[in-house]
file data04.cif (mmCIF, C-alpha atoms)
data_protein
#
loop_
_atom_site.label_atom_id
_atom_site.label_comp_id
_atom_site.auth_asym_id
_atom_site.auth_seq_id
_atom_site.Cartn_x
_atom_site.Cartn_y
_atom_site.Cartn_z
CA MET A 1 34.81 195.25 415.94
CA LEU A 2 33.15 192.61 418.06
CA ILE A 3 33.88 192.96 421.77
CA LEU A 4 33.19 190.04 424.13
CA THR A 5 33.71 189.56 427.84
CA ARG A 6 35.22 186.23 428.83
CA LYS A 7 36.29 184.64 432.09
CA VAL A 8 39.28 182.36 432.58
CA GLU A 9 38.85 179.07 430.70
CA GLN A 10 36.07 180.50 428.55
CA GLY A 11 36.69 180.66 424.83
CA ILE A 12 35.36 181.93 421.55
CA VAL A 13 35.00 179.91 418.37
CA ILE A 14 35.78 181.59 415.05
CA ASN A 15 34.46 180.11 411.83
CA ASN A 16 33.89 176.71 413.49
CA ASP A 17 37.57 175.75 413.46
CA VAL A 18 39.53 178.34 415.43
CA VAL A 19 39.18 178.38 419.23
CA VAL A 20 40.63 181.26 421.25
CA ARG A 21 40.61 180.62 425.00
CA VAL A 22 41.63 182.71 428.01
CA LEU A 23 43.94 180.40 430.00
CA SER A 24 44.96 182.63 432.89
CA ILE A 25 45.10 186.24 434.00
CA ASP A 26 47.95 187.65 436.08
CA GLY A 27 47.72 191.42 436.55
CA GLU A 28 48.16 192.93 433.05
CA ARG A 29 49.25 189.65 431.47
CA VAL A 30 46.66 187.45 429.88
CA LYS A 31 47.63 184.00 428.66
CA ILE A 32 45.65 183.04 425.57
CA GLY A 33 45.43 179.67 423.89
CA VAL A 34 44.77 179.51 420.16
CA ASP A 35 43.69 176.19 418.70
CA ALA A 36 43.63 176.50 414.92
CA PRO A 37 44.26 174.35 411.83
CA ARG A 38 47.80 174.51 410.47
CA SER A 39 46.57 176.48 407.48
CA ILE A 40 45.75 179.43 409.74
CA SER A 41 48.68 181.75 410.40
CA VAL A 42 48.77 182.92 414.02
CA LEU A 43 51.31 185.65 414.79
CA ARG A 44 51.88 188.27 417.43
CA GLU A 45 50.82 191.62 415.97
CA GLU A 46 54.08 193.37 416.88
CA LEU A 47 56.05 190.72 414.96
CA LEU A 48 54.31 191.73 411.73
CA GLU A 49 55.04 195.38 412.53
CA GLU A 50 58.71 194.56 413.12
CA VAL A 51 58.94 192.78 409.76
CA ALA A 52 57.23 195.70 407.97
CA GLY A 53 59.64 198.11 409.69
CA GLU A 54 62.64 196.00 408.65
CA ASN A 55 61.36 195.94 405.05
CA ARG A 56 61.10 199.73 405.04
CA GLU A 57 64.61 200.02 406.46
CA ALA A 58 65.92 197.60 403.83
CA ALA A 59 64.47 199.80 401.07
CA ASN A 60 66.10 202.88 402.58
CA ARG A 61 69.76 202.68 401.64
CA PRO A 62 72.09 204.61 403.94
CA ASN A 63 75.10 206.58 402.72
CA GLY A 64 77.73 204.08 401.70
CA GLY A 65 75.22 201.24 401.94
CA THR A 66 75.63 200.24 398.31
CA ASP A 67 79.43 200.41 398.69
CA SER A 68 79.28 198.12 401.68
CA LEU A 69 77.13 195.76 399.61
CA ARG A 70 79.96 195.47 397.07
CA GLN A 71 82.04 193.78 399.74
CA LEU A 72 79.72 190.79 399.87
CA ARG A 73 80.85 187.88 397.74
CA ARG A 74 79.65 184.37 397.11
CA PRO A 75 81.39 181.83 399.32
CA PRO A 76 84.09 180.06 397.20
CA HIS A 77 82.43 176.65 397.42
CA GLN A 78 79.20 178.11 396.09
CA ALA A 79 80.76 180.17 393.31
CA ASP A 80 80.15 177.67 390.52
CA SER A 81 76.79 176.33 391.55
CA GLY A 82 74.33 177.90 389.19
CA ASP A 83 70.76 178.42 390.37
CA MET B 84 59.34 196.66 379.73
CA LYS B 85 61.44 199.62 380.77
CA LEU B 86 61.90 200.39 384.42
CA THR B 87 63.47 203.33 386.22
CA THR B 88 65.60 202.41 389.20
CA HIS B 89 67.89 204.12 391.72
CA ILE B 90 69.70 200.95 392.70
CA LEU B 91 73.05 202.43 391.73
CA GLY B 92 72.30 205.76 393.39
CA THR B 93 71.49 207.59 390.19
CA ASP B 94 68.53 207.45 387.85
CA GLU B 95 68.87 204.56 385.51
CA THR B 96 66.48 203.04 383.02
CA ILE B 97 66.79 199.32 382.56
CA GLU B 98 64.98 196.79 380.43
CA VAL B 99 63.37 193.89 382.27
CA SER B 100 61.56 190.90 380.80
CA SER B 101 58.21 189.55 381.97
CA ASP B 102 60.16 186.58 383.40
CA GLN B 103 61.57 188.93 386.05
CA ILE B 104 58.22 190.33 387.22
CA PHE B 105 56.49 188.91 390.29
CA ALA B 106 53.17 189.88 391.90
CA PHE B 107 52.89 190.01 395.69
CA ASP B 108 49.57 189.02 397.25
CA PRO B 109 49.33 189.87 400.08
CA PRO B 110 51.64 192.85 399.53
CA LEU B 111 55.02 193.17 401.23
CA GLY B 112 54.69 194.45 404.81
CA GLY B 113 55.48 198.17 404.94
CA PHE B 114 54.57 198.62 401.25
CA GLU B 115 50.89 197.75 401.26
CA GLU B 116 50.17 199.88 398.19
CA LEU B 117 52.72 198.13 395.95
CA ARG B 118 52.04 194.84 394.18
CA ARG B 119 54.49 194.21 391.35
CA TYR B 120 58.25 193.89 391.59
CA ALA B 121 61.09 192.99 389.25
CA LEU B 122 63.87 190.65 390.36
CA ILE B 123 67.13 192.16 389.11
CA PRO B 124 70.64 190.65 389.49
CA ASP B 125 73.12 192.98 391.16
CA GLY B 126 76.06 191.90 389.02
CA ASP B 127 77.99 188.92 387.74
CA ASP B 128 80.07 188.24 390.83
CA SER B 129 77.56 189.51 393.37
CA PRO B 130 75.33 187.14 395.34
CA VAL B 131 72.75 189.90 395.67
CA GLU B 132 69.56 190.52 393.70
CA TRP B 133 67.27 193.51 393.89
CA LEU B 134 63.55 193.50 394.40
CA GLN B 135 62.65 196.65 392.49
CA SER B 136 59.09 197.94 392.68
CA VAL B 137 57.52 198.37 389.26
CA GLU B 138 55.13 200.96 390.67
CA ASP B 139 57.53 203.06 392.76
CA GLU B 140 61.03 203.56 391.44
CA ASN B 141 62.25 204.60 394.90
CA VAL B 142 61.47 201.22 396.46
CA ALA B 143 64.14 198.55 395.95
CA LEU B 144 65.17 195.94 398.50
CA PRO B 145 68.39 193.92 398.27
CA LEU B 146 67.91 190.16 398.51
CA LEU B 147 70.27 187.30 399.26
CA GLU B 148 69.97 183.56 398.95
CA PRO B 149 69.89 182.42 402.60
CA PHE B 150 71.57 179.06 401.98
CA LEU B 151 74.77 180.88 400.98
CA PHE B 152 75.48 181.94 404.54
CA GLU B 153 73.13 179.75 406.61
CA PRO B 154 73.48 176.21 405.24
CA GLY B 155 71.07 174.80 407.81
CA TYR B 156 68.31 177.22 406.89
CA GLY B 157 64.93 175.73 406.22
CA PHE B 158 61.24 176.12 406.87
CA GLU B 159 57.99 174.55 405.85
CA ILE B 160 55.68 176.24 403.39
CA ALA B 161 52.14 175.38 404.45
CA ASP B 162 50.15 173.48 401.83
CA HIS B 163 47.57 176.24 401.49
CA ALA B 164 50.30 178.87 401.04
CA ALA B 165 52.04 176.73 398.41
CA ALA B 166 48.71 176.32 396.61
CA GLU B 167 47.96 180.03 396.77
CA LEU B 168 51.41 180.70 395.31
CA GLY B 169 50.65 178.34 392.43
CA MET B 170 53.42 175.91 393.37
CA GLU B 171 53.17 172.42 391.93
CA THR B 172 56.63 171.08 392.74
CA PRO B 173 59.26 172.13 395.31
CA GLU B 174 61.48 173.23 392.40
CA ASP B 175 58.97 176.01 391.67
CA ALA B 176 60.06 177.83 394.83
CA VAL B 177 62.87 180.36 394.92
CA VAL B 178 63.71 181.51 398.45
CA ARG B 179 65.39 184.81 399.22
CA CYS B 180 65.82 186.89 402.36
CA VAL B 181 65.84 190.67 402.60
CA LEU B 182 69.13 192.42 403.38
CA THR B 183 69.27 195.56 405.46
CA LEU B 184 72.30 197.58 404.35
CA ARG B 185 74.26 199.79 406.68
CA GLU B 186 77.27 202.02 406.18
CA ASP B 187 79.63 199.58 407.87
CA PRO B 188 79.58 196.31 405.88
CA GLU B 189 79.90 194.33 409.08
CA ASP B 190 76.53 195.70 410.18
CA ILE B 191 74.65 194.32 407.14
CA THR B 192 71.98 191.90 408.30
CA ALA B 193 69.65 189.44 406.63
CA ASN B 194 66.06 188.81 407.68
CA LEU B 195 65.80 185.06 408.21
CA LEU B 196 62.56 185.33 410.17
CA ALA B 197 60.51 186.45 407.17
CA PRO B 198 61.84 184.94 403.92
CA ILE B 199 60.34 185.77 400.54
CA VAL B 200 59.15 182.84 398.45
CA PHE B 201 58.91 183.35 394.69
CA CYS B 202 57.05 180.86 392.53
CA ARG B 203 58.74 180.74 389.14
CA ARG B 204 55.80 178.83 387.65
CA SER B 205 53.08 181.37 388.54
CA HIS B 206 55.23 184.48 389.09
CA LEU B 207 53.48 185.04 392.39
CA ALA B 208 55.46 185.80 395.54
CA ARG B 209 54.93 186.47 399.20
CA GLN B 210 56.84 187.11 402.38
CA ILE B 211 56.27 184.36 404.92
CA VAL B 212 56.67 185.26 408.59
CA LEU B 213 57.82 182.04 410.25
CA GLN B 214 55.90 180.88 413.29
CA ASP B 215 57.84 179.67 416.33
CA SER B 216 61.11 180.22 414.48
CA GLU B 217 64.55 180.41 416.05
CA PHE B 218 65.83 182.28 412.98
CA PRO B 219 66.37 185.99 413.66
CA LEU B 220 65.04 189.15 412.05
CA ARG B 221 68.61 190.45 411.87
CA ARG B 222 71.35 187.92 411.16
CA PRO B 223 74.79 189.47 410.38
CA VAL B 224 76.13 188.10 407.09
CA PHE B 225 79.50 189.79 406.61
CA SER B 226 81.51 187.24 408.58
CA THR B 227 80.41 184.60 406.08
CA LEU B 228 80.31 186.54 402.82
CA GLY B 229 82.64 189.49 403.33
CA LEU B 230 86.09 190.02 401.90
CA ALA B 231 87.65 190.85 405.25
CA ALA B 232 89.44 187.53 405.68
CA SER B 233 90.82 187.32 402.15
CA ALA B 234 91.56 191.02 401.56
#

call {"tool": "encode", "arguments": {"input": "data04.cif", "output": "structure tokens"}}
result
Amino acid sequence: MLILTRKVEQGIVINNDVVVRVLSIDGERVKIGVDAPRSISVLREELLEEVAGENREAANRPNGGTDSLRQLRRPPHQADSGD
Amino acid sequence: MKLTTHILGTDETIEVSSDQIFAFDPPLGGFEELRRYALIPDGDDSPVEWLQSVEDENVALPLLEPFLFEPGYGFEIADHAAAELGMETPEDAVVRCVLTLREDPEDITANLLAPIVFCRRSHLARQIVLQDSEFPLRRPVFSTLGLAASA
């Protein structure tokens, strides 16, 4: 892992097209600006962990979970629309 | 190919065709070691499908078409992601969201924040975590799809 020290308003450039800049520091909170092409996905790390956790929970069927699933039905107006 | 599944709670061997198999790259979050899944209908009158791992019979996630209960649902698939999925036309994309089941049907939620996009042309698929999205990780679906009102 590369570790750099930066001051407010200083940035780092990744692969020529992603700029990460420290915008402000307030106690333990650091505001960071990320300037990247639209093709680069930029997400908070904990969001990915939440999604992975939800996937694991979805694969783990609780008692009665499959029974409760049987109570879901297509809305009437959608019933005949094939996909 | 034959596949063992526990979707119904007991061991069951079902036959799936190559049409039903999709490869995830990158893999589904939480299941980094699994790559191939079969898309299996739950039943004739059920809106649900199952994403059954080919490699681990114990991993199966229920899926729902988001437009059934969230008519305004939509998001943009980035050009590079569409290309990596092998999509050539918008009709190649099949969008599903993951359901989290709970004992009380009213507590069933759908993950609208991270839909799964299947490309029926390439048979590649991936989960896309939406950036800056107002759609939630846990959206209750029973009020829209449940039998409570008509029972």

call {"tool": "resolve_selection", "arguments": {"input": "data04.cif", "expression": "the PyMOL selection byres ((chain B) within 6 of (chain A))", "output": "list in words"}}
result
Gly112, Gly113, Ser129, Pro130, Val142, Ala143, Leu144, Thr183, Leu184, Arg185, Glu186, Pro188, Leu228, Gly229 and Leu230 of chain B

call {"tool": "resolve_selection", "arguments": {"input": "data04.cif", "expression": "the PyMOL selection byres ((chain A and resi 24-28) around 12)", "output": "list in words"}}
result
Arg6, Lys7, Val8, Glu9, Gln10, Gly11, Arg21, Val22, Leu23, Arg29, Val30, Lys31, Ile32 and Gly33 of chain A

call {"tool": "residues_around", "arguments": {"input": "data04.cif", "residues": "Leu220 of chain B", "least_positions_apart": "4", "cutoff": "6 Å", "atoms": "all atoms listed in the file", "output": "ChimeraX atom specification"}}
result
/B:194-196

call {"tool": "resolve_selection", "arguments": {"input": "data04.cif", "expression": "the PyMOL selection byres ((chain A and resi 13-19) around 7)", "output": "count of residues only"}}
result
7

call {"tool": "atom_distance", "arguments": {"input": "data04.cif", "atom1": "atom CA of Glu189 of chain B", "atom2": "atom CA of Val131 of chain B"}}
result
15.8 Å

call {"tool": "atom_distance", "arguments": {"input": "data04.cif", "atom1": "atom CA of Glu217 of chain B", "atom2": "atom CA of Pro109 of chain B"}}
result
24.0 Å

call {"tool": "atom_distance", "arguments": {"input": "data04.cif", "atom1": "atom CA of Asn141 of chain B", "atom2": "atom CA of His89 of chain B"}}
result
6.5 Å

call {"tool": "axis_aligned_box", "arguments": {"input": "data04.cif", "around": "segment 181-194 of chain B", "padding_each_side": "4 Å", "output": "lines of an AutoDock Vina configuration file"}}
result
center_x = 72.9
center_y = 195.4
center_z = 406.4
size_x = 22.1
size_y = 21.2
size_z = 15.6

call {"tool": "closest_residue", "arguments": {"input": "data04.cif", "among": "B:Ala193, B:Glu98, B:Gln103, B:Val178", "to": "Pro145 of chain B", "atoms": "only C-alpha atoms"}}
result
B:Ala193

call {"tool": "closest_residue", "arguments": {"input": "data04.cif", "among": "B:Leu111, B:Val212, B:Val224, B:Ala166", "to": "Glu45 of chain A", "atoms": "all atoms listed in the file"}}
result
B:Val212

call {"tool": "closest_residue", "arguments": {"input": "data04.cif", "among": "B:Ser216, B:Val99, B:Glu174, B:Glu140", "to": "Pro124 of chain B", "atoms": "all atoms listed in the file"}}
result
B:Val99

call {"tool": "residues_around", "arguments": {"input": "data04.cif", "residues": "Leu122 of chain B", "least_positions_apart": "5", "cutoff": "9 Å", "atoms": "all atoms listed in the file", "output": "JSON, numbers by chain"}}
result
{"B": [99, 102, 103, 104, 105, 132, 133, 134, 135]}

call {"tool": "decode", "arguments": {"input": "data04.cif", "residues": "segment 6-54 of chain A", "atoms": "N, CA and C atoms", "output": "PDB file, in the first residue's frame"}}
result
ATOM      1  N   ARG A   6      -0.708  14.460   2.706  1.00  0.00           N
ATOM      2  CA  ARG A   6      -1.212  15.579   1.927  1.00  0.00           C
ATOM      3  C   ARG A   6      -1.764  16.656   2.849  1.00  0.00           C
ATOM      4  N   LYS A   7      -1.665  17.892   2.416  1.00  0.00           N
ATOM      5  CA  LYS A   7      -2.295  18.990   3.132  1.00  0.00           C
ATOM      6  C   LYS A   7      -3.605  19.349   2.435  1.00  0.00           C
ATOM      7  N   VAL A   8      -4.409  20.163   3.101  1.00  0.00           N
ATOM      8  CA  VAL A   8      -5.662  20.613   2.497  1.00  0.00           C
ATOM      9  C   VAL A   8      -5.377  21.258   1.135  1.00  0.00           C
ATOM     10  N   GLU A   9      -6.225  20.901   0.182  1.00  0.00           N
ATOM     11  CA  GLU A   9      -6.166  21.369  -1.201  1.00  0.00           C
ATOM     12  C   GLU A   9      -5.100  20.667  -2.043  1.00  0.00           C
ATOM     13  N   GLN A  10      -4.299  19.824  -1.420  1.00  0.00           N
ATOM     14  CA  GLN A  10      -3.357  19.030  -2.210  1.00  0.00           C
ATOM     15  C   GLN A  10      -4.045  17.757  -2.676  1.00  0.00           C
ATOM     16  N   GLY A  11      -3.623  17.243  -3.807  1.00  0.00           N
ATOM     17  CA  GLY A  11      -4.279  16.068  -4.366  1.00  0.00           C
ATOM     18  C   GLY A  11      -3.285  14.998  -4.780  1.00  0.00           C
ATOM     19  N   ILE A  12      -3.831  13.884  -5.236  1.00  0.00           N
ATOM     20  CA  ILE A  12      -3.012  12.868  -5.888  1.00  0.00           C
ATOM     21  C   ILE A  12      -3.692  12.501  -7.201  1.00  0.00           C
ATOM     22  N   VAL A  13      -2.887  12.162  -8.183  1.00  0.00           N
ATOM     23  CA  VAL A  13      -3.421  11.810  -9.491  1.00  0.00           C
ATOM     24  C   VAL A  13      -3.162  10.326  -9.719  1.00  0.00           C
ATOM     25  N   ILE A  14      -4.232   9.586 -10.043  1.00  0.00           N
ATOM     26  CA  ILE A  14      -4.118   8.149 -10.247  1.00  0.00           C
ATOM     27  C   ILE A  14      -4.321   7.864 -11.735  1.00  0.00           C
ATOM     28  N   ASN A  15      -3.349   7.224 -12.326  1.00  0.00           N
ATOM     29  CA  ASN A  15      -3.479   6.783 -13.716  1.00  0.00           C
ATOM     30  C   ASN A  15      -3.838   7.929 -14.678  1.00  0.00           C
ATOM     31  N   ASN A  16      -3.357   9.111 -14.374  1.00  0.00           N
ATOM     32  CA  ASN A  16      -3.539  10.295 -15.231  1.00  0.00           C
ATOM     33  C   ASN A  16      -4.954  10.846 -15.314  1.00  0.00           C
ATOM     34  N   ASP A  17      -5.977  10.097 -14.892  1.00  0.00           N
ATOM     35  CA  ASP A  17      -7.332  10.610 -15.094  1.00  0.00           C
ATOM     36  C   ASP A  17      -8.211  10.617 -13.846  1.00  0.00           C
ATOM     37  N   VAL A  18      -7.684  10.189 -12.721  1.00  0.00           N
ATOM     38  CA  VAL A  18      -8.449  10.264 -11.477  1.00  0.00           C
ATOM     39  C   VAL A  18      -7.692  11.175 -10.515  1.00  0.00           C
ATOM     40  N   VAL A  19      -8.367  12.219 -10.031  1.00  0.00           N
ATOM     41  CA  VAL A  19      -7.743  13.132  -9.073  1.00  0.00           C
ATOM     42  C   VAL A  19      -8.483  13.027  -7.742  1.00  0.00           C
ATOM     43  N   VAL A  20      -7.747  12.730  -6.686  1.00  0.00           N
ATOM     44  CA  VAL A  20      -8.307  12.668  -5.337  1.00  0.00           C
ATOM     45  C   VAL A  20      -7.703  13.823  -4.555  1.00  0.00           C
ATOM     46  N   ARG A  21      -8.572  14.710  -4.013  1.00  0.00           N
ATOM     47  CA  ARG A  21      -8.074  15.916  -3.371  1.00  0.00           C
ATOM     48  C   ARG A  21      -8.655  16.056  -1.971  1.00  0.00           C
ATOM     49  N   VAL A  22      -7.825  16.460  -1.018  1.00  0.00           N
ATOM     50  CA  VAL A  22      -8.296  16.751   0.330  1.00  0.00           C
ATOM     51  C   VAL A  22      -8.884  18.160   0.304  1.00  0.00           C
ATOM     52  N   LEU A  23     -10.207  18.275   0.576  1.00  0.00           N
ATOM     53  CA  LEU A  23     -10.868  19.577   0.489  1.00  0.00           C
ATOM     54  C   LEU A  23     -10.850  20.317   1.820  1.00  0.00           C
ATOM     55  N   SER A  24     -11.099  19.581   2.894  1.00  0.00           N
ATOM     56  CA  SER A  24     -11.075  20.226   4.213  1.00  0.00           C
ATOM     57  C   SER A  24     -10.921  19.170   5.295  1.00  0.00           C
ATOM     58  N   ILE A  25     -10.456  19.591   6.445  1.00  0.00           N
ATOM     59  CA  ILE A  25     -10.294  18.704   7.591  1.00  0.00           C
ATOM     60  C   ILE A  25     -10.961  19.369   8.784  1.00  0.00           C
ATOM     61  N   ASP A  26     -11.846  18.602   9.447  1.00  0.00           N
ATOM     62  CA  ASP A  26     -12.532  19.135  10.620  1.00  0.00           C
ATOM     63  C   ASP A  26     -12.517  18.041  11.680  1.00  0.00           C
ATOM     64  N   GLY A  27     -11.543  18.099  12.596  1.00  0.00           N
ATOM     65  CA  GLY A  27     -11.412  17.048  13.605  1.00  0.00           C
ATOM     66  C   GLY A  27     -11.118  15.722  12.925  1.00  0.00           C
ATOM     67  N   GLU A  28     -12.039  14.725  13.116  1.00  0.00           N
ATOM     68  CA  GLU A  28     -11.830  13.394  12.529  1.00  0.00           C
ATOM     69  C   GLU A  28     -12.447  13.280  11.140  1.00  0.00           C
ATOM     70  N   ARG A  29     -13.110  14.313  10.683  1.00  0.00           N
ATOM     71  CA  ARG A  29     -13.779  14.246   9.384  1.00  0.00           C
ATOM     72  C   ARG A  29     -12.923  14.911   8.315  1.00  0.00           C
ATOM     73  N   VAL A  30     -12.693  14.168   7.277  1.00  0.00           N
ATOM     74  CA  VAL A  30     -11.917  14.681   6.154  1.00  0.00           C
ATOM     75  C   VAL A  30     -12.822  14.708   4.931  1.00  0.00           C
ATOM     76  N   LYS A  31     -12.948  15.850   4.315  1.00  0.00           N
ATOM     77  CA  LYS A  31     -13.755  15.934   3.095  1.00  0.00           C
ATOM     78  C   LYS A  31     -12.832  15.734   1.900  1.00  0.00           C
ATOM     79  N   ILE A  32     -13.201  14.771   1.058  1.00  0.00           N
ATOM     80  CA  ILE A  32     -12.354  14.379  -0.069  1.00  0.00           C
ATOM     81  C   ILE A  32     -13.112  14.587  -1.370  1.00  0.00           C
ATOM     82  N   GLY A  33     -12.465  15.185  -2.329  1.00  0.00           N
ATOM     83  CA  GLY A  33     -13.064  15.325  -3.651  1.00  0.00           C
ATOM     84  C   GLY A  33     -12.449  14.312  -4.598  1.00  0.00           C
ATOM     85  N   VAL A  34     -13.309  13.624  -5.352  1.00  0.00           N
ATOM     86  CA  VAL A  34     -12.812  12.662  -6.339  1.00  0.00           C
ATOM     87  C   VAL A  34     -13.281  13.126  -7.716  1.00  0.00           C
ATOM     88  N   ASP A  35     -12.343  13.384  -8.588  1.00  0.00           N
ATOM     89  CA  ASP A  35     -12.655  13.805  -9.944  1.00  0.00           C
ATOM     90  C   ASP A  35     -12.220  12.664 -10.867  1.00  0.00           C
ATOM     91  N   ALA A  36     -13.218  11.953 -11.409  1.00  0.00           N
ATOM     92  CA  ALA A  36     -12.893  10.757 -12.192  1.00  0.00           C
ATOM     93  C   ALA A  36     -13.822  10.662 -13.393  1.00  0.00           C
ATOM     94  N   PRO A  37     -13.391  10.002 -14.455  1.00  0.00           N
ATOM     95  CA  PRO A  37     -14.283   9.774 -15.598  1.00  0.00           C
ATOM     96  C   PRO A  37     -15.493   8.955 -15.166  1.00  0.00           C
ATOM     97  N   ARG A  38     -16.591   9.083 -15.909  1.00  0.00           N
ATOM     98  CA  ARG A  38     -17.808   8.367 -15.547  1.00  0.00           C
ATOM     99  C   ARG A  38     -17.630   6.851 -15.545  1.00  0.00           C
ATOM    100  N   SER A  39     -16.642   6.369 -16.280  1.00  0.00           N
ATOM    101  CA  SER A  39     -16.455   4.924 -16.350  1.00  0.00           C
ATOM    102  C   SER A  39     -15.849   4.348 -15.073  1.00  0.00           C
ATOM    103  N   ILE A  40     -15.374   5.240 -14.189  1.00  0.00           N
ATOM    104  CA  ILE A  40     -14.777   4.773 -12.937  1.00  0.00           C
ATOM    105  C   ILE A  40     -15.853   4.776 -11.854  1.00  0.00           C
ATOM    106  N   SER A  41     -16.058   3.629 -11.226  1.00  0.00           N
ATOM    107  CA  SER A  41     -17.031   3.529 -10.138  1.00  0.00           C
ATOM    108  C   SER A  41     -16.380   4.002  -8.841  1.00  0.00           C
ATOM    109  N   VAL A  42     -17.031   4.966  -8.184  1.00  0.00           N
ATOM    110  CA  VAL A  42     -16.507   5.493  -6.920  1.00  0.00           C
ATOM    111  C   VAL A  42     -17.581   5.279  -5.856  1.00  0.00           C
ATOM    112  N   LEU A  43     -17.289   4.437  -4.871  1.00  0.00           N
ATOM    113  CA  LEU A  43     -18.279   4.098  -3.854  1.00  0.00           C
ATOM    114  C   LEU A  43     -17.645   4.122  -2.473  1.00  0.00           C
ATOM    115  N   ARG A  44     -18.455   4.482  -1.470  1.00  0.00           N
ATOM    116  CA  ARG A  44     -17.985   4.345  -0.105  1.00  0.00           C
ATOM    117  C   ARG A  44     -17.789   2.854   0.199  1.00  0.00           C
ATOM    118  N   GLU A  45     -16.670   2.540   0.881  1.00  0.00           N
ATOM    119  CA  GLU A  45     -16.341   1.141   1.119  1.00  0.00           C
ATOM    120  C   GLU A  45     -17.441   0.428   1.901  1.00  0.00           C
ATOM    121  N   GLU A  46     -18.017   1.113   2.909  1.00  0.00           N
ATOM    122  CA  GLU A  46     -19.014   0.436   3.737  1.00  0.00           C
ATOM    123  C   GLU A  46     -20.289   0.115   2.956  1.00  0.00           C
ATOM    124  N   LEU A  47     -20.532   0.851   1.865  1.00  0.00           N
ATOM    125  CA  LEU A  47     -21.707   0.558   1.037  1.00  0.00           C
ATOM    126  C   LEU A  47     -21.557  -0.811   0.378  1.00  0.00           C
ATOM    127  N   LEU A  48     -20.354  -1.096  -0.135  1.00  0.00           N
ATOM    128  CA  LEU A  48     -20.100  -2.400  -0.737  1.00  0.00           C
ATOM    129  C   LEU A  48     -20.236  -3.511   0.296  1.00  0.00           C
ATOM    130  N   GLU A  49     -19.784  -3.220   1.536  1.00  0.00           N
ATOM    131  CA  GLU A  49     -19.903  -4.230   2.596  1.00  0.00           C
ATOM    132  C   GLU A  49     -21.363  -4.461   2.963  1.00  0.00           C
ATOM    133  N   GLU A  50     -22.159  -3.384   2.962  1.00  0.00           N
ATOM    134  CA  GLU A  50     -23.594  -3.533   3.244  1.00  0.00           C
ATOM    135  C   GLU A  50     -24.271  -4.394   2.185  1.00  0.00           C
ATOM    136  N   VAL A  51     -23.929  -4.166   0.915  1.00  0.00           N
ATOM    137  CA  VAL A  51     -24.534  -4.935  -0.175  1.00  0.00           C
ATOM    138  C   VAL A  51     -24.125  -6.403  -0.070  1.00  0.00           C
ATOM    139  N   ALA A  52     -22.852  -6.663   0.230  1.00  0.00           N
ATOM    140  CA  ALA A  52     -22.392  -8.050   0.384  1.00  0.00           C
ATOM    141  C   ALA A  52     -23.126  -8.714   1.552  1.00  0.00           C
ATOM    142  N   GLY A  53     -23.312  -7.968   2.641  1.00  0.00           N
ATOM    143  CA  GLY A  53     -24.020  -8.510   3.804  1.00  0.00           C
ATOM    144  C   GLY A  53     -25.475  -8.818   3.475  1.00  0.00           C
ATOM    145  N   GLU A  54     -26.102  -7.933   2.698  1.00  0.00           N
ATOM    146  CA  GLU A  54     -27.502  -8.154   2.306  1.00  0.00           C
ATOM    147  C   GLU A  54     -27.607  -9.377   1.387  1.00  0.00           C
TER     148      GLU A  54
END
